[in-house]
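Here's query24.cif, which has mmCIF, C-alpha atoms:
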```cif
data_model
#
loop_
_atom_site.group_PDB
_atom_site.id
_atom_site.type_symbol
_atom_site.label_atom_id
_atom_site.label_comp_id
_atom_site.auth_asym_id
_atom_site.auth_seq_id
_atom_site.Cartn_x
_atom_site.Cartn_y
_atom_site.Cartn_z
ATOM 1 C CA MET A 1 -18.478 0.940 -28.144
ATOM 2 C CA THR A 2 -14.809 0.636 -27.327
ATOM 3 C CA GLU A 3 -13.498 -0.970 -24.199
ATOM 4 C CA PRO A 4 -11.794 1.644 -22.019
ATOM 5 C CA ASN A 5 -8.302 0.954 -20.731
ATOM 6 C CA SER A 6 -7.887 4.228 -18.855
ATOM 7 C CA LEU A 7 -10.181 4.874 -15.901
ATOM 8 C CA ARG A 8 -10.494 7.930 -13.677
ATOM 9 C CA CYS A 9 -12.137 8.551 -10.349
ATOM 10 C CA LEU A 10 -15.135 10.884 -10.244
ATOM 11 C CA CYS A 11 -13.061 14.053 -9.788
ATOM 12 C CA GLY A 12 -10.301 12.928 -12.196
ATOM 13 C CA ALA A 13 -7.456 13.106 -9.674
ATOM 14 C CA VAL A 14 -6.675 9.374 -9.951
ATOM 15 C CA ASN A 15 -6.076 7.611 -13.264
ATOM 16 C CA ILE A 16 -5.569 3.855 -13.586
ATOM 17 C CA GLN A 17 -4.519 1.862 -16.638
ATOM 18 C CA LEU A 18 -5.960 -1.593 -17.440
ATOM 19 C CA ASN A 19 -3.939 -4.098 -19.444
ATOM 20 C CA GLY A 20 -5.522 -7.189 -20.963
ATOM 21 C CA GLN A 21 -8.792 -8.690 -19.848
ATOM 22 C CA PRO A 22 -10.347 -9.241 -16.415
ATOM 23 C CA GLU A 23 -10.187 -12.698 -14.849
ATOM 24 C CA ALA A 24 -13.871 -12.568 -13.908
ATOM 25 C CA ARG A 25 -16.962 -10.435 -14.538
ATOM 26 C CA ALA A 26 -19.687 -10.875 -11.964
ATOM 27 C CA ASN A 27 -22.509 -9.499 -9.877
ATOM 28 C CA CYS A 28 -21.712 -10.389 -6.281
ATOM 29 C CA HIS A 29 -24.429 -10.704 -3.645
ATOM 30 C CA CYS A 30 -22.274 -11.701 -0.658
ATOM 31 C CA GLN A 31 -22.699 -9.930 2.662
ATOM 32 C CA SER A 32 -19.062 -8.791 2.627
ATOM 33 C CA CYS A 33 -19.419 -6.937 -0.693
ATOM 34 C CA ARG A 34 -22.744 -5.424 0.333
ATOM 35 C CA ASP A 35 -21.295 -4.118 3.589
ATOM 36 C CA PHE A 36 -17.880 -3.113 2.275
ATOM 37 C CA TYR A 37 -19.031 -1.355 -0.902
ATOM 38 C CA GLY A 38 -22.353 -0.062 0.433
ATOM 39 C CA THR A 39 -24.530 -1.541 -2.283
ATOM 40 C CA SER A 40 -27.208 -4.218 -2.555
ATOM 41 C CA MET A 41 -25.162 -6.034 -5.224
ATOM 42 C CA LEU A 42 -21.641 -5.318 -6.457
ATOM 43 C CA SER A 43 -21.287 -5.436 -10.232
ATOM 44 C CA ALA A 44 -17.568 -5.557 -10.989
ATOM 45 C CA THR A 45 -14.639 -7.053 -12.834
ATOM 46 C CA ALA A 46 -11.754 -8.845 -11.089
ATOM 47 C CA TRP A 47 -8.205 -8.279 -12.335
ATOM 48 C CA LEU A 48 -4.775 -9.713 -11.636
ATOM 49 C CA PRO A 49 -2.827 -6.953 -9.833
ATOM 50 C CA GLU A 50 -0.141 -6.804 -12.526
ATOM 51 C CA ARG A 51 -2.812 -5.810 -15.085
ATOM 52 C CA VAL A 52 -3.814 -2.647 -13.220
ATOM 53 C CA ALA A 53 -1.507 0.331 -12.755
ATOM 54 C CA VAL A 54 -2.064 3.681 -11.061
ATOM 55 C CA VAL A 55 -0.607 6.117 -13.601
ATOM 56 C CA SER A 56 -1.467 9.406 -11.903
ATOM 57 C CA GLY A 57 -2.702 10.573 -8.539
ATOM 58 C CA SER A 58 -2.511 8.775 -5.253
ATOM 59 C CA LEU A 59 -4.928 6.493 -3.497
ATOM 60 C CA SER A 60 -5.955 6.193 0.124
ATOM 61 C CA LYS A 61 -6.618 2.677 1.379
ATOM 62 C CA PHE A 62 -8.887 1.107 3.941
ATOM 63 C CA ALA A 63 -8.507 -2.499 5.078
ATOM 64 C CA HIS A 64 -11.505 -4.356 6.463
ATOM 65 C CA PRO A 65 -10.962 -4.859 10.203
ATOM 66 C CA THR A 66 -11.676 -8.616 10.173
ATOM 67 C CA LYS A 67 -11.764 -9.863 6.557
ATOM 68 C CA GLN A 68 -9.187 -10.069 3.800
ATOM 69 C CA LEU A 69 -10.627 -7.107 1.916
ATOM 70 C CA SER A 70 -9.381 -3.611 1.238
ATOM 71 C CA ARG A 71 -10.530 -0.603 -0.768
ATOM 72 C CA ALA A 72 -8.420 1.930 -2.638
ATOM 73 C CA PHE A 73 -10.145 5.268 -3.068
ATOM 74 C CA CYS A 74 -9.482 8.807 -4.179
ATOM 75 C CA PRO A 75 -8.639 11.012 -1.170
ATOM 76 C CA HIS A 76 -10.334 13.968 -2.905
ATOM 77 C CA CYS A 77 -13.727 12.689 -4.092
ATOM 78 C CA GLY A 78 -13.847 9.480 -2.020
ATOM 79 C CA GLU A 79 -14.753 7.199 -4.930
ATOM 80 C CA THR A 80 -13.585 3.593 -4.605
ATOM 81 C CA VAL A 81 -11.410 3.006 -7.665
ATOM 82 C CA PHE A 82 -10.794 -0.655 -6.838
ATOM 83 C CA GLY A 83 -10.879 -3.098 -3.979
ATOM 84 C CA THR A 84 -8.755 -6.127 -3.232
ATOM 85 C CA ASN A 85 -10.536 -9.394 -2.518
ATOM 86 C CA ARG A 86 -9.414 -12.373 -0.431
ATOM 87 C CA LEU A 87 -7.792 -13.913 -3.538
ATOM 88 C CA GLY A 88 -5.594 -10.831 -4.021
ATOM 89 C CA MET A 89 -7.426 -9.739 -7.169
ATOM 90 C CA LEU A 90 -8.293 -6.107 -7.812
ATOM 91 C CA VAL A 91 -12.040 -5.592 -8.039
ATOM 92 C CA ILE A 92 -13.099 -2.625 -10.163
ATOM 93 C CA PRO A 93 -16.724 -1.486 -9.844
ATOM 94 C CA ASN A 94 -18.518 -1.460 -13.193
ATOM 95 C CA SER A 95 -19.710 2.085 -12.553
ATOM 96 C CA VAL A 96 -16.119 3.325 -12.969
ATOM 97 C CA VAL A 97 -15.706 1.386 -16.234
ATOM 98 C CA ALA A 98 -19.072 2.528 -17.616
ATOM 99 C CA ARG A 99 -18.232 6.181 -16.961
ATOM 100 C CA ALA A 100 -14.934 5.787 -18.870
ATOM 101 C CA ALA A 101 -16.872 4.208 -21.761
ATOM 102 C CA GLY A 102 -19.241 7.179 -22.040
ATOM 103 C CA GLY A 103 -21.961 5.938 -19.702
ATOM 104 C CA GLU A 104 -22.673 2.425 -20.945
ATOM 105 C CA LEU A 105 -20.804 -0.700 -19.906
ATOM 106 C CA PRO A 106 -19.153 -2.414 -22.905
ATOM 107 C CA GLU A 107 -20.361 -5.952 -23.600
ATOM 108 C CA THR A 108 -16.847 -7.294 -22.942
ATOM 109 C CA MET A 109 -17.004 -5.986 -19.369
ATOM 110 C CA ARG A 110 -20.577 -6.994 -18.493
ATOM 111 C CA ALA A 111 -21.187 -9.604 -15.833
ATOM 112 C CA THR A 112 -21.295 -13.215 -16.988
ATOM 113 C CA MET A 113 -22.632 -14.626 -13.700
ATOM 114 C CA HIS A 114 -24.039 -13.936 -10.251
ATOM 115 C CA LEU A 115 -22.075 -15.075 -7.200
ATOM 116 C CA PHE A 116 -23.425 -15.866 -3.721
ATOM 117 C CA TYR A 117 -26.983 -15.574 -5.034
ATOM 118 C CA ARG A 118 -28.373 -17.403 -1.992
ATOM 119 C CA HIS A 119 -27.419 -14.288 0.012
ATOM 120 C CA ARG A 120 -29.167 -11.819 -2.317
ATOM 121 C CA ILE A 121 -31.424 -9.105 -0.971
ATOM 122 C CA ILE A 122 -32.914 -8.390 -4.393
ATOM 123 C CA ASP A 123 -33.997 -10.857 -7.077
ATOM 124 C CA VAL A 124 -32.513 -10.325 -10.512
ATOM 125 C CA ASP A 125 -34.400 -11.457 -13.617
ATOM 126 C CA ASP A 126 -31.759 -12.157 -16.243
ATOM 127 C CA LYS A 127 -30.348 -15.125 -18.109
ATOM 128 C CA LEU A 128 -26.992 -15.245 -16.288
ATOM 129 C CA PRO A 129 -26.097 -18.289 -14.183
ATOM 130 C CA LYS A 130 -26.769 -17.622 -10.510
ATOM 131 C CA TYR A 131 -24.289 -19.526 -8.373
ATOM 132 C CA LEU A 132 -25.533 -20.037 -4.844
ATOM 133 C CA ASP A 133 -21.988 -19.532 -3.571
ATOM 134 C CA GLY A 134 -18.770 -19.467 -5.619
ATOM 135 C CA TRP A 135 -18.657 -20.225 -9.347
ATOM 136 C CA ASP A 136 -17.678 -23.846 -8.802
ATOM 137 C CA GLY A 137 -20.828 -24.772 -6.888
ATOM 138 C CA PRO A 138 -24.530 -25.340 -7.484
ATOM 139 C CA THR A 139 -26.708 -22.793 -9.253
ATOM 140 C CA TYR A 140 -30.062 -21.293 -8.337
ATOM 141 C CA VAL A 141 -33.089 -22.839 -9.987
ATOM 142 C CA GLY A 142 -36.051 -20.535 -9.485
#
```
Serialized structure, C-alpha cells:
Amino acid sequence: MTEPNSLRCLCGAVNIQLNGQPEARANCHCQSCRDFYGTSMLSATAWLPERVAVVSGSLSKFAHPTKQLSRAFCPHCGETVFGTNRLGMLVIPNSVVARAAGGELPETMRATMHLFYRHRIIDVDDKLPKYLDGWDGPTYVG
C-alpha cells in the first residue's frame, strides 16, 4: 500500500498536499481532543505546518473558545481536514488519510503510541506504549 500525499475532504472540494513525514503518530485520549473532535479517541498524525499545503478549495475555521486549538473544515461537507494543536502542529485525522489510501491506513501512518491514556474512556488492547500524559512521562502498566 502506498502512502498518500494528496488528501481530500469527503465531498472532494478541499485538497491538501502532504510533504515529508509526520512529526508524531498517536491515538490521543485527552478530554480536549474528545470534546473538540467529537470522538472517544482521536487517531491522527501531527505535521509541521510547512509540510501541509491546501492546494485547492477553501477551508472554514473554528477556534476553541478557551484552549489553543482550532479546526479547519470543508464548508461544503463539514469534514475536519486538520486541526491545529497547542504546539502549532497540524493534526490530520487518520480517517482522512485512510480514505486517500483506499480505505486502509498505511503502516507508515499508523499510531506508534497512546497519549493521555489516564483520561481514556475506552480501554485499548494493543502493544503500543500508553503514556499516561504526554510522551515524555510515565506509561500505563495494566
**Report entry** Pick from A:Ala98, A:Leu115, A:Ala72, A:Leu90 nearest to Pro22 in chain A, counting only C-alpha atoms
**Finding:**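 Result for the nearest residue to Pro22 in chain A: A:Leu90.
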Report summary line: The residue from A:Val124, A:Ala13, A:Val97, A:Val91 with the smallest atom-to-atom distance to Ser58 in chain A, counting all atoms listed in the file, is A:Ala13
Report task. Report as a ChimeraX atom specification the full result of the PyMOL selection byres ((chain A and resi 57) around 8) when it is applied to this structure. Result -> /A:13-15,54-56,58-59
Report task. Return as a list of chain:residue names the set of residues that the PyMOL selection byres ((chain A and resi 39) around 12) yields on the displayed structure. Result ->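 This file gives the following for the PyMOL selection byres ((chain A and resi 39) around 12): A:Asn27, A:Cys28, A:His29, A:Cys30, A:Gln31, A:Ser32, A:Cys33, A:Arg34, A:Asp35, A:Phe36, A:Tyr37, A:Gly38, A:Ser40, A:Met41, A:Leu42, A:Ser43, A:Ala44, A:Pro93, A:Ser95, A:Arg120, A:Ile121, A:Ile122.
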Report task. Go through A:Thr80, A:Thr45, A:Gln17, A:Asn5 and flag the residue nearest Thr112 in chain A, using only C-alpha atoms for the distances. Result -> A:Thr45
Query - Separation of CA of Val52 in chain A from CA of Phe73 in chain A in Å - result: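 Calculated distance between CA of Phe73 in chain A and CA of Val52 in chain A is 14.3 Å.
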Query raised in the report: Smallest atom-to-atom distance to His119 in chain A: which of A:Tyr131, A:Gly142, A:Gly20, A:Ala100, using only C-alpha atoms?
Result: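 For His119 in chain A, the nearest of the candidates is A:Tyr131.
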Requested in this report: Just give me the gap between CA of Arg51 in chain A and CA of Thr84 in chain A in Å, one decimal is fine.
Outcome: 13.3 Å
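Proximity ranking of A:Leu48, A:Val96, A:Leu128, A:Val81 relative to Met113 in chain A places A:Leu128 first, based on all atoms listed in the file.
Minimum atom-to-atom distances from A:Pro75, A:Met89, A:Leu69, A:Arg118 to Gly137 in chain A were compared using all atoms listed in the file, and the lowest value belongs to A:Arg118.
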Query raised in the report: CA of Cys74 in chain A and CA of Trp47 in chain A, how far apart in Å?
Result: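 Separation of CA of Trp47 in chain A and CA of Cys74 in chain A: 19.0 Å.
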Report task. Would you translate the PyMOL selection byres ((chain A and resi 109) around 8) into the concrete set of residues it matches in this file, as JSON, numbers by chain? Result -> {"A": [3, 22, 25, 45, 94, 105, 106, 107, 108, 110, 111]}
